[in-house]
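**Q** I'm passing along work38.cif; it holds mmCIF, C-alpha atoms and all ligand atoms.
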data_structure
loop_
_atom_site.label_atom_id
_atom_site.label_comp_id
_atom_site.auth_asym_id
_atom_site.auth_seq_id
_atom_site.Cartn_x
_atom_site.Cartn_y
_atom_site.Cartn_z
CA MET A 1 0.00 0.00 0.00
CA LYS A 2 2.87 2.30 0.97
CA GLN A 3 4.55 1.54 -2.37
CA ILE A 4 1.41 2.36 -4.36
CA LEU A 5 1.07 5.67 -2.47
CA THR A 6 4.70 6.62 -3.24
CA LEU A 7 4.21 5.81 -6.92
CA LEU A 8 1.03 7.88 -7.02
CA ILE A 9 2.72 10.91 -5.38
CA GLY A 10 5.69 10.55 -7.75
CA PHE A 11 3.39 10.49 -10.76
CA LEU A 12 1.49 13.58 -9.52
CA VAL A 13 4.76 15.54 -8.98
CA LEU A 14 6.00 14.62 -12.46
CA PHE A 15 2.68 15.51 -14.06
CA SER A 16 2.50 18.91 -12.38
CA CYS A 17 6.12 19.70 -13.38
CA GLU A 18 5.32 18.89 -17.01
CA ASN A 19 2.28 21.12 -16.88
CA SER A 20 4.10 24.00 -15.28
CA LYS A 21 6.75 23.84 -18.04
CA LYS A 22 4.24 24.29 -20.84
CA PRO A 23 3.57 28.04 -20.68
CA ASP A 24 7.36 28.62 -20.60
CA THR A 25 7.83 26.68 -23.81
CA ASP A 26 4.97 28.31 -25.62
CA THR A 27 5.61 31.93 -24.80
CA SER A 28 9.20 32.74 -23.91
CA ASN A 29 10.85 29.95 -25.75
CA GLY A 30 10.46 31.48 -28.90
CA THR A 31 7.03 31.23 -30.44
CA VAL A 32 7.04 34.98 -30.33
CA GLU A 33 10.70 35.29 -31.23
CA ILE A 34 10.45 32.83 -34.09
CA LYS A 35 7.43 34.70 -35.36
CA ASN A 36 9.43 37.91 -35.43
CA ILE A 37 12.24 36.25 -37.34
CA ASN A 38 9.69 34.71 -39.69
CA GLU A 39 8.30 38.07 -40.61
CA ASN A 40 11.67 39.49 -41.36
CA PHE A 41 12.41 38.48 -44.91
CA GLY A 42 13.03 40.52 -48.01
CA ILE A 43 14.33 40.53 -51.56
CA VAL A 44 16.07 43.08 -53.78
CA ILE A 45 16.93 42.91 -57.49
CA HIS A 46 18.82 44.92 -60.09
CA GLY A 47 18.76 44.79 -63.86
CA GLY A 48 21.92 46.82 -64.43
CA ALA A 49 23.11 50.37 -63.93
CA GLY A 50 24.36 52.96 -66.42
CA THR A 51 23.38 55.88 -68.59
CA ILE A 52 19.67 55.24 -68.22
CA LEU A 53 17.87 58.52 -68.82
CA LYS A 54 14.15 59.19 -68.80
CA LYS A 55 14.46 61.31 -71.95
CA ASN A 56 15.85 58.33 -73.89
CA MET A 57 13.20 55.89 -72.70
CA SER A 58 9.87 55.31 -74.45
CA ASP A 59 6.80 54.75 -72.30
CA SER A 60 6.34 51.26 -73.68
CA LEU A 61 9.95 50.22 -72.96
CA GLU A 62 9.75 51.65 -69.46
CA TYR A 63 6.54 49.70 -68.93
CA ALA A 64 8.19 46.52 -70.24
CA TYR A 65 11.11 46.89 -67.82
CA LYS A 66 8.87 47.57 -64.85
CA THR A 67 6.59 44.66 -65.69
CA LYS A 68 9.54 42.26 -65.94
CA LEU A 69 11.14 43.56 -62.73
CA LYS A 70 7.82 43.07 -60.98
CA GLU A 71 7.40 39.55 -62.32
CA ALA A 72 10.93 38.61 -61.27
CA ILE A 73 10.77 39.99 -57.74
CA THR A 74 7.29 38.65 -57.10
CA THR A 75 8.51 35.18 -58.03
CA GLY A 76 11.28 35.34 -55.43
CA HIS A 77 9.06 36.97 -52.87
CA THR A 78 6.45 34.20 -53.18
CA ILE A 79 9.16 31.58 -52.59
CA LEU A 80 10.35 33.37 -49.46
CA LYS A 81 6.83 33.90 -48.19
CA LYS A 82 6.12 30.17 -48.45
CA GLY A 83 9.26 29.44 -46.41
CA GLY A 84 11.63 28.72 -49.30
CA THR A 85 15.34 29.43 -48.96
CA ALA A 86 17.13 32.61 -49.98
CA LEU A 87 19.13 30.55 -52.50
CA GLU A 88 15.94 29.24 -54.12
CA ALA A 89 14.48 32.74 -54.31
CA VAL A 90 17.66 34.23 -55.80
CA THR A 91 17.93 31.53 -58.47
CA ALA A 92 14.28 31.61 -59.55
CA THR A 93 14.24 35.41 -59.65
CA ILE A 94 17.39 35.61 -61.74
CA ASN A 95 16.00 32.95 -64.13
CA ILE A 96 13.10 35.25 -65.02
CA MET A 97 15.51 38.06 -65.95
CA GLU A 98 17.90 35.69 -67.75
CA ASP A 99 15.03 34.53 -69.95
CA SER A 100 14.09 38.09 -70.89
CA PRO A 101 15.84 39.86 -73.81
CA LEU A 102 15.55 43.13 -71.85
CA PHE A 103 18.57 42.43 -69.67
CA ASN A 104 22.22 41.73 -70.38
CA SER A 105 22.14 38.17 -69.07
CA GLY A 106 20.96 34.88 -70.57
CA LYS A 107 18.76 35.64 -73.58
CA GLY A 108 19.67 39.34 -73.74
CA ALA A 109 23.45 38.90 -73.35
CA VAL A 110 25.66 41.42 -75.14
CA PHE A 111 28.02 40.47 -77.97
CA THR A 112 31.77 40.05 -77.80
CA HIS A 113 34.09 41.61 -80.37
CA GLU A 114 33.98 38.29 -82.26
CA GLU A 115 30.15 38.44 -82.34
CA THR A 116 29.64 35.63 -79.86
CA ASN A 117 28.00 35.67 -76.41
CA GLU A 118 30.03 34.68 -73.35
CA LEU A 119 28.13 34.50 -70.11
CA ASP A 120 29.27 34.78 -66.48
CA ALA A 121 27.36 34.13 -63.24
CA SER A 122 27.91 33.53 -59.54
CA ILE A 123 25.95 32.68 -56.42
CA MET A 124 26.79 32.63 -52.71
CA ASP A 125 25.16 31.15 -49.63
CA GLY A 126 25.50 33.42 -46.59
CA ALA A 127 24.81 30.57 -44.15
CA THR A 128 27.78 28.41 -45.17
CA LEU A 129 29.92 30.85 -47.18
CA ASN A 130 29.76 28.30 -50.00
CA ALA A 131 29.86 29.77 -53.47
CA GLY A 132 29.73 28.74 -57.11
CA ALA A 133 30.49 30.58 -60.35
CA VAL A 134 30.92 30.14 -64.09
CA ALA A 135 32.68 32.34 -66.63
CA GLY A 136 32.69 32.48 -70.41
CA VAL A 137 29.98 29.89 -71.06
CA THR A 138 28.34 30.01 -74.48
CA ARG A 139 25.72 27.25 -74.40
CA ILE A 140 24.04 27.45 -71.01
CA LYS A 141 20.57 29.03 -71.05
CA ASN A 142 20.57 29.94 -67.34
CA PRO A 143 24.15 30.40 -66.14
CA ILE A 144 23.01 31.11 -62.55
CA ASN A 145 21.71 27.52 -62.34
CA LEU A 146 25.10 26.23 -63.42
CA ALA A 147 26.81 28.46 -60.83
CA LEU A 148 24.53 26.88 -58.21
CA SER A 149 25.45 23.43 -59.46
CA VAL A 150 29.17 24.26 -59.26
CA MET A 151 28.55 25.18 -55.63
CA ASN A 152 26.44 22.13 -54.80
CA ASP A 153 27.85 19.39 -57.04
CA SER A 154 31.56 20.13 -57.43
CA PRO A 155 34.47 20.72 -55.08
CA HIS A 156 35.21 24.00 -56.92
CA VAL A 157 34.07 27.59 -56.81
CA LEU A 158 34.72 28.89 -60.36
CA LEU A 159 34.62 26.95 -63.63
CA SER A 160 35.14 28.49 -67.06
CA GLY A 161 34.53 27.97 -70.78
CA LYS A 162 34.39 24.50 -72.29
CA GLY A 163 35.18 22.81 -68.98
CA ALA A 164 32.22 24.49 -67.32
CA GLU A 165 30.00 23.38 -70.21
CA ASN A 166 31.22 19.79 -69.96
CA PHE A 167 30.55 19.86 -66.24
CA ALA A 168 27.06 21.15 -67.03
CA LYS A 169 26.44 18.24 -69.39
CA GLU A 170 27.54 15.76 -66.74
CA GLN A 171 25.09 17.36 -64.35
CA GLY A 172 22.23 16.95 -66.83
CA PHE A 173 22.05 20.53 -68.11
CA GLU A 174 20.90 20.89 -71.71
CA TRP A 175 23.17 22.79 -74.07
CA VAL A 176 21.43 25.42 -76.16
CA ASP A 177 22.72 26.42 -79.58
CA PRO A 178 24.79 29.63 -79.19
CA SER A 179 22.37 31.30 -81.63
CA TYR A 180 19.79 31.21 -78.81
CA PHE A 181 21.52 34.31 -77.40
CA TYR A 182 21.18 36.35 -80.58
CA THR A 183 19.05 39.48 -80.28
CA GLU A 184 19.00 42.14 -82.95
CA LYS A 185 19.20 44.95 -80.40
CA ARG A 186 22.45 43.68 -78.86
CA TYR A 187 23.93 42.85 -82.25
CA LYS A 188 23.25 46.38 -83.46
CA SER A 189 24.84 47.82 -80.28
CA LEU A 190 28.01 45.94 -81.09
CA GLN A 191 28.01 47.20 -84.68
CA ARG A 192 27.47 50.76 -83.44
CA ILE A 193 30.43 50.53 -81.06
CA LYS A 194 32.65 49.02 -83.73
CA GLU A 195 31.65 51.75 -86.17
CA LYS A 196 32.32 54.50 -83.63
CA ASN A 197 35.73 53.09 -82.84
CA LYS A 198 36.59 52.94 -86.54
CA THR A 199 35.81 56.63 -86.92
CA LYS A 200 37.93 57.43 -83.91
CA LEU A 201 40.84 55.43 -85.22
CA ASP A 202 40.58 57.10 -88.61
CA LYS A 203 40.59 60.59 -87.17
CA GLU A 204 43.16 60.26 -84.43
CA ASN A 205 45.03 57.24 -85.63
CA LYS A 206 44.97 55.90 -82.10
CA VAL A 207 42.27 55.10 -79.63
CA SER A 208 42.34 54.68 -75.89
CA PHE A 209 41.59 51.31 -74.38
CA LYS A 210 38.61 52.82 -72.54
CA ASP A 211 37.10 54.20 -75.74
CA VAL A 212 37.53 51.03 -77.75
CA TYR A 213 35.69 48.79 -75.41
CA PHE A 214 33.50 50.56 -72.99
CA LYS A 215 32.54 54.12 -73.87
CA ASP A 216 28.79 54.84 -73.62
CA TYR A 217 28.16 51.33 -72.55
CA LYS A 218 24.91 50.78 -70.70
CA PHE A 219 25.23 48.00 -68.18
CA GLY A 220 22.42 45.46 -67.98
CA THR A 221 23.62 42.70 -65.72
CA VAL A 222 21.05 41.19 -63.36
CA GLY A 223 21.35 40.38 -59.69
CA CYS A 224 19.30 39.38 -56.68
CA VAL A 225 19.85 39.31 -52.92
CA ALA A 226 17.49 37.80 -50.37
CA LEU A 227 16.95 37.18 -46.68
CA ASP A 228 14.76 34.17 -45.92
CA LYS A 229 12.56 33.35 -42.93
CA ASN A 230 15.35 31.38 -41.30
CA GLY A 231 17.64 34.38 -41.29
CA ASN A 232 19.79 33.10 -44.16
CA LEU A 233 21.17 35.45 -46.78
CA ALA A 234 22.05 34.70 -50.42
CA ALA A 235 23.27 36.71 -53.40
CA GLY A 236 23.52 35.99 -57.12
CA THR A 237 24.58 37.81 -60.29
CA SER A 238 24.33 36.89 -63.99
CA THR A 239 25.66 38.75 -67.03
CA GLY A 240 26.78 38.75 -70.64
CA GLY A 241 29.62 41.05 -69.57
CA MET A 242 30.48 44.13 -71.60
CA THR A 243 29.73 44.78 -75.27
CA ASN A 244 32.73 44.34 -77.58
CA LYS A 245 34.77 42.48 -74.95
CA ARG A 246 37.74 40.49 -76.29
CA TRP A 247 40.26 37.90 -75.32
CA ASN A 248 37.84 35.97 -73.08
CA ARG A 249 37.62 39.00 -70.84
CA ILE A 250 35.91 38.22 -67.54
CA GLY A 251 34.36 40.94 -65.40
CA ASP A 252 33.37 41.11 -61.75
CA SER A 253 30.08 39.22 -61.99
CA PRO A 254 31.51 35.70 -61.54
CA ILE A 255 34.12 36.88 -59.03
CA ILE A 256 33.08 36.12 -55.47
CA GLY A 257 33.76 39.20 -53.37
CA ALA A 258 33.57 41.57 -56.34
CA GLY A 259 30.26 40.88 -58.13
CA THR A 260 28.61 38.73 -55.48
CA TYR A 261 29.01 38.17 -51.75
CA ALA A 262 26.81 36.86 -48.93
CA ASN A 263 27.54 36.32 -45.26
CA ASN A 264 24.87 35.71 -42.63
CA ALA A 265 26.94 37.76 -40.18
CA THR A 266 26.69 40.89 -42.32
CA CYS A 267 24.85 41.18 -45.64
CA ALA A 268 24.30 39.92 -49.19
CA VAL A 269 25.45 42.05 -52.15
CA SER A 270 25.14 41.89 -55.95
CA SER A 271 27.04 44.39 -58.13
CA THR A 272 26.62 45.86 -61.58
CA GLY A 273 29.01 48.21 -63.27
CA TRP A 274 32.35 48.49 -64.89
CA GLY A 275 33.75 45.12 -63.88
CA GLU A 276 37.46 45.94 -63.96
CA TYR A 277 36.96 48.56 -61.24
CA PHE A 278 34.59 46.40 -59.24
CA ILE A 279 37.21 43.66 -59.15
CA ARG A 280 39.94 46.04 -58.06
CA ALA A 281 37.73 47.54 -55.35
CA MET A 282 36.41 44.09 -54.28
CA VAL A 283 33.09 45.88 -54.03
CA ALA A 284 30.75 43.25 -52.59
CA TYR A 285 33.20 41.94 -50.00
CA ASP A 286 34.35 45.42 -49.05
CA ILE A 287 30.79 46.38 -48.07
CA SER A 288 30.52 43.25 -45.92
CA ALA A 289 33.99 43.80 -44.41
CA MET A 290 33.22 47.40 -43.49
CA MET A 291 30.15 46.20 -41.61
CA GLU A 292 32.08 43.41 -39.94
CA TYR A 293 35.24 45.26 -38.97
CA LYS A 294 34.07 48.84 -38.58
CA GLY A 295 30.55 48.12 -37.37
CA VAL A 296 29.00 50.58 -39.82
CA SER A 297 25.49 50.15 -41.20
CA LEU A 298 24.81 48.58 -44.59
CA LYS A 299 23.80 51.94 -46.00
CA GLU A 300 26.97 53.70 -44.85
CA ALA A 301 29.21 50.90 -46.12
CA ALA A 302 27.50 50.78 -49.53
CA ARG A 303 27.59 54.55 -49.88
CA GLU A 304 31.30 54.76 -49.13
CA VAL A 305 32.20 52.00 -51.59
CA ILE A 306 29.93 53.12 -54.46
CA GLN A 307 30.10 56.90 -54.06
CA ILE A 308 33.71 57.28 -52.93
CA LYS A 309 35.96 54.26 -53.45
CA VAL A 310 34.83 53.10 -56.92
CA PRO A 311 34.68 56.60 -58.48
CA ALA A 312 38.10 57.39 -56.97
CA LEU A 313 39.50 54.59 -59.11
CA GLY A 314 37.57 55.82 -62.17
CA GLY A 315 34.77 53.24 -62.21
CA ASP A 316 31.00 53.48 -62.14
CA GLY A 317 28.01 51.29 -61.37
CA GLY A 318 25.94 50.23 -58.41
CA ILE A 319 24.92 47.52 -55.98
CA ILE A 320 21.87 46.10 -54.29
CA ALA A 321 22.18 44.66 -50.79
CA ILE A 322 20.22 43.34 -47.84
CA ASP A 323 21.52 42.80 -44.32
CA LYS A 324 20.71 40.17 -41.71
CA GLU A 325 18.01 42.40 -40.21
CA GLY A 326 16.31 42.89 -43.56
CA ASN A 327 17.56 46.45 -44.11
CA ILE A 328 18.11 47.08 -47.79
CA THR A 329 20.07 49.48 -49.92
CA MET A 330 20.24 50.17 -53.68
CA GLU A 331 23.24 52.45 -54.21
CA PHE A 332 24.52 53.61 -57.62
CA ASN A 333 26.65 56.42 -59.03
CA THR A 334 25.27 56.28 -62.57
CA ALA A 335 22.24 58.07 -64.06
CA GLY A 336 20.06 55.07 -63.38
CA MET A 337 19.79 51.48 -62.23
CA TYR A 338 16.92 49.09 -62.89
CA ARG A 339 15.96 47.97 -59.42
CA ALA A 340 13.19 46.76 -57.13
CA TYR A 341 12.66 45.51 -53.62
CA MET A 342 9.91 43.82 -51.67
CA ASN A 343 9.72 43.46 -47.91
CA ALA A 344 7.89 40.91 -45.77
CA GLU A 345 4.61 42.82 -45.98
CA GLY A 346 4.78 42.61 -49.75
CA LYS A 347 5.38 46.32 -50.28
CA LEU A 348 6.93 46.70 -53.73
CA ILE A 349 9.25 49.53 -54.74
CA ILE A 350 10.48 49.78 -58.33
CA GLY A 351 13.00 52.30 -59.63
CA ILE A 352 14.86 53.04 -62.86
CA TYR A 353 16.24 56.59 -62.69
CA LYS A 354 17.84 58.42 -59.78
CA GLU A 355 14.53 59.08 -58.08
CA VAL A 356 12.51 56.06 -56.93
CA ASP A 357 9.37 55.46 -58.94
CA ARG A 358 6.67 53.64 -57.03
CA LYS A 359 4.34 52.90 -59.91
CA PRO A 360 4.84 49.34 -61.12
N1 LIG B 401 29.77 44.12 -64.27
C1 LIG B 401 29.59 43.55 -65.57
C2 LIG B 401 30.93 43.25 -66.18
O1 LIG B 401 31.83 44.05 -66.03
C3 LIG B 401 28.82 44.43 -66.48
C4 LIG B 401 27.51 44.92 -65.95
O2 LIG B 401 27.34 45.05 -64.74
O3 LIG B 401 26.61 45.16 -66.74
O4 LIG B 401 31.06 42.27 -66.83
#
The structure in this file should be written as structure tokens.
**A**
Amino acid sequence: MKQILTLLIGFLVLFSCENSKKPDTDTSNGTVEIKNINENFGIVIHGGAGTILKKNMSDSLEYAYKTKLKEAITTGHTILKKGGTALEAVTATINIMEDSPLFNSGKGAVFTHEETNELDASIMDGATLNAGAVAGVTRIKNPINLALSVMNDSPHVLLSGKGAENFAKEQGFEWVDPSYFYTEKRYKSLQRIKEKNKTKLDKENKVSFKDVYFKDYKFGTVGCVALDKNGNLAAGTSTGGMTNKRWNRIGDSPIIGAGTYANNATCAVSSTGWGEYFIRAMVAYDISAMMEYKGVSLKEAAREVIQIKVPALGGDGGIIAIDKEGNITMEFNTAGMYRAYMNAEGKLIIGIYKEVDRKP
């Protein structure tokens, strides 16, 4: 009888302890905290920076850009809202822009001097600091997907040219015919640049390196950065590079730290601009490093790099970035940058010129 009584008391004590633990678990242990984290997600995109002036833009083209930016960012936002990862959102968002002839990536890639299209892309996971990139690929419809595969399925970070394409085949990617990347608009841009350079050469009998390759070039690279509900950051960038490029020139877009960088401890950044300068200034990593080592805000870091450091070297362009708290910045030193962001509440901001235009 005594034994039964002891057992009964023991059971009652255990039961009451369990019960008294419950409110602790439900309230303080995080339901509330997790909910706050869950609400804090966001996504930012760019479609290139450069001499983008309202006076040179028709209403219909402006509408086309805004519609595509909206479609791209909404795709990524929906993924994040449903609990998808930042990497998934970045990839799917960039795919929409790669498939559009409006941007200098995938379908709308610019032409090289030899009238081919060579594409570069990179992606980085802020949670693990893993990264993948490809450079100079000519047969891959969505280079950002191949960059992701380099990260996930190979021991490497950056693959280039034929080797990258062979790796793609082994991973089950389809090769497209290089003619897939032909667009009349980009082809004509190349011819215009070549023609201009000819005139210059004729008149002056010499031409500066800057003039030959890059003068009046309007950038059109695409990029995306995202913060997901689990607090993970990711960044990705995809481009055709610069019109009239030669000698298998590679810009900043596939260079981790220059064109793309993500670190859960700081921020995720995607760049667009004159690649040579962005490589030398290590733009994306420099923004993250300033936050990490100097403790400055994302906005301050981005402003210093884009408005002071890059122009001091002679370069131009811009970045989009998001930090671990969901703060965003879209900084550029050119006349315009195609850009958009969406926060957790689904508020959409789209911009093209210096001033932000809210109408989608
Ligand atoms: N950054 C790219 C490059 O230099 C060009 C761009 O952003 O449009 O290849």
**Q** Hey, which residues sit close to ligand LIG 401 (chain B)? Say within 7 Å, counting all atoms listed in the file, and write them as a list in words.
**A**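 Counting only what the definition allows, namely all atoms listed in the file, the set is Gly48, Ala49, Asn104, Phe219, Gly220, Thr221, Thr239, Gly240, Gly241, Met242, Ile250, Gly251, Asp252, Ser253, Gly259, Ser271, Thr272, Gly273, Trp274, Gly275 and Glu276 of chain A.
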**Q** Give me, please, the distance in Å between atom CA of Asp316 of chain A and atom CA of Phe332 of chain A, quoted to one decimal.
**A** 7.9 Å
**Q** What is the distance between atom CA of Met291 of chain A and atom CA of Tyr341 of chain A, in Å to one decimal?
**A** 21.2 Å
**Q** In terms of the shortest atom-to-atom distance over only C-alpha atoms, which of A:Arg339, A:Lys198, A:Ala235, A:Met290 is closest to Leu69 of chain A?
**A** A:Arg339
**Q** Can you tell me, as a list in words, what residues are no more than 9 Å from Leu190 of chain A when counting only C-alpha atoms, ignoring any on the same chain fewer than 2 positions away?
**A** Val110, Phe111, Thr112, His113, Glu115, Lys185, Arg186, Tyr187, Lys188, Arg192, Ile193, Lys194, Glu195, Thr243 and Asn244 of chain A
**Q** For a test of reading the model, state the distance in Å between atom CA of Ala262 of chain A and atom CA of Gly83 of chain A, rounded to one decimal.
**A** 19.2 Å
**Q** Take segment 159-182 of chain A from the preceding structure and save N, CA and C atoms as a PDB file, in the first residue's frame.
**A**
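Resulting contents of decode-v5.pdb:
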ATOM      1  N   LEU A 159      34.271  27.707 -62.430  1.00  0.00           N
ATOM      2  CA  LEU A 159      34.620  26.948 -63.633  1.00  0.00           C
ATOM      3  C   LEU A 159      34.443  27.850 -64.840  1.00  0.00           C
ATOM      4  N   SER A 160      35.243  27.601 -65.893  1.00  0.00           N
ATOM      5  CA  SER A 160      35.137  28.490 -67.055  1.00  0.00           C
ATOM      6  C   SER A 160      35.050  27.729 -68.373  1.00  0.00           C
ATOM      7  N   GLY A 161      34.515  28.427 -69.393  1.00  0.00           N
ATOM      8  CA  GLY A 161      34.528  27.968 -70.779  1.00  0.00           C
ATOM      9  C   GLY A 161      34.043  26.547 -70.999  1.00  0.00           C
ATOM     10  N   LYS A 162      34.762  25.861 -71.883  1.00  0.00           N
ATOM     11  CA  LYS A 162      34.395  24.497 -72.295  1.00  0.00           C
ATOM     12  C   LYS A 162      34.264  23.558 -71.102  1.00  0.00           C
ATOM     13  N   GLY A 163      35.187  23.682 -70.160  1.00  0.00           N
ATOM     14  CA  GLY A 163      35.175  22.812 -68.983  1.00  0.00           C
ATOM     15  C   GLY A 163      33.889  22.976 -68.195  1.00  0.00           C
ATOM     16  N   ALA A 164      33.467  24.222 -68.047  1.00  0.00           N
ATOM     17  CA  ALA A 164      32.222  24.493 -67.317  1.00  0.00           C
ATOM     18  C   ALA A 164      31.040  23.874 -68.066  1.00  0.00           C
ATOM     19  N   GLU A 165      31.100  23.939 -69.415  1.00  0.00           N
ATOM     20  CA  GLU A 165      29.999  23.380 -70.213  1.00  0.00           C
ATOM     21  C   GLU A 165      29.985  21.849 -70.142  1.00  0.00           C
ATOM     22  N   ASN A 166      31.167  21.245 -70.107  1.00  0.00           N
ATOM     23  CA  ASN A 166      31.218  19.789 -69.957  1.00  0.00           C
ATOM     24  C   ASN A 166      30.696  19.361 -68.592  1.00  0.00           C
ATOM     25  N   PHE A 167      31.062  20.127 -67.588  1.00  0.00           N
ATOM     26  CA  PHE A 167      30.549  19.856 -66.238  1.00  0.00           C
ATOM     27  C   PHE A 167      29.019  19.947 -66.260  1.00  0.00           C
ATOM     28  N   ALA A 168      28.517  20.970 -66.943  1.00  0.00           N
ATOM     29  CA  ALA A 168      27.056  21.150 -67.035  1.00  0.00           C
ATOM     30  C   ALA A 168      26.403  19.918 -67.639  1.00  0.00           C
ATOM     31  N   LYS A 169      26.999  19.421 -68.715  1.00  0.00           N
ATOM     32  CA  LYS A 169      26.435  18.242 -69.387  1.00  0.00           C
ATOM     33  C   LYS A 169      26.399  17.056 -68.427  1.00  0.00           C
ATOM     34  N   GLU A 170      27.491  16.867 -67.716  1.00  0.00           N
ATOM     35  CA  GLU A 170      27.540  15.761 -66.744  1.00  0.00           C
ATOM     36  C   GLU A 170      26.463  15.901 -65.677  1.00  0.00           C
ATOM     37  N   GLN A 171      26.100  17.116 -65.384  1.00  0.00           N
ATOM     38  CA  GLN A 171      25.089  17.365 -64.347  1.00  0.00           C
ATOM     39  C   GLN A 171      23.676  17.346 -64.919  1.00  0.00           C
ATOM     40  N   GLY A 172      23.559  17.075 -66.224  1.00  0.00           N
ATOM     41  CA  GLY A 172      22.234  16.949 -66.831  1.00  0.00           C
ATOM     42  C   GLY A 172      21.671  18.247 -67.391  1.00  0.00           C
ATOM     43  N   PHE A 173      22.510  19.274 -67.489  1.00  0.00           N
ATOM     44  CA  PHE A 173      22.047  20.528 -68.112  1.00  0.00           C
ATOM     45  C   PHE A 173      21.965  20.321 -69.614  1.00  0.00           C
ATOM     46  N   GLU A 174      20.960  20.926 -70.244  1.00  0.00           N
ATOM     47  CA  GLU A 174      20.900  20.890 -71.706  1.00  0.00           C
ATOM     48  C   GLU A 174      21.756  22.004 -72.263  1.00  0.00           C
ATOM     49  N   TRP A 175      22.443  21.730 -73.367  1.00  0.00           N
ATOM     50  CA  TRP A 175      23.169  22.786 -74.070  1.00  0.00           C
ATOM     51  C   TRP A 175      22.203  23.446 -75.049  1.00  0.00           C
ATOM     52  N   VAL A 176      22.202  24.761 -75.112  1.00  0.00           N
ATOM     53  CA  VAL A 176      21.428  25.423 -76.162  1.00  0.00           C
ATOM     54  C   VAL A 176      22.401  25.801 -77.283  1.00  0.00           C
ATOM     55  N   ASP A 177      21.870  25.958 -78.490  1.00  0.00           N
ATOM     56  CA  ASP A 177      22.721  26.417 -79.576  1.00  0.00           C
ATOM     57  C   ASP A 177      23.112  27.871 -79.270  1.00  0.00           C
ATOM     58  N   PRO A 178      24.381  28.246 -79.498  1.00  0.00           N
ATOM     59  CA  PRO A 178      24.790  29.626 -79.188  1.00  0.00           C
ATOM     60  C   PRO A 178      23.907  30.685 -79.850  1.00  0.00           C
ATOM     61  N   SER A 179      23.242  30.326 -80.945  1.00  0.00           N
ATOM     62  CA  SER A 179      22.371  31.302 -81.628  1.00  0.00           C
ATOM     63  C   SER A 179      21.161  31.677 -80.769  1.00  0.00           C
ATOM     64  N   TYR A 180      20.887  30.881 -79.739  1.00  0.00           N
ATOM     65  CA  TYR A 180      19.786  31.214 -78.814  1.00  0.00           C
ATOM     66  C   TYR A 180      19.972  32.618 -78.244  1.00  0.00           C
ATOM     67  N   PHE A 181      21.234  33.027 -78.064  1.00  0.00           N
ATOM     68  CA  PHE A 181      21.517  34.309 -77.398  1.00  0.00           C
ATOM     69  C   PHE A 181      21.478  35.512 -78.349  1.00  0.00           C
ATOM     70  N   TYR A 182      21.215  35.226 -79.632  1.00  0.00           N
ATOM     71  CA  TYR A 182      21.183  36.348 -80.585  1.00  0.00           C
ATOM     72  C   TYR A 182      19.953  37.218 -80.363  1.00  0.00           C
TER      73      TYR A 182
END
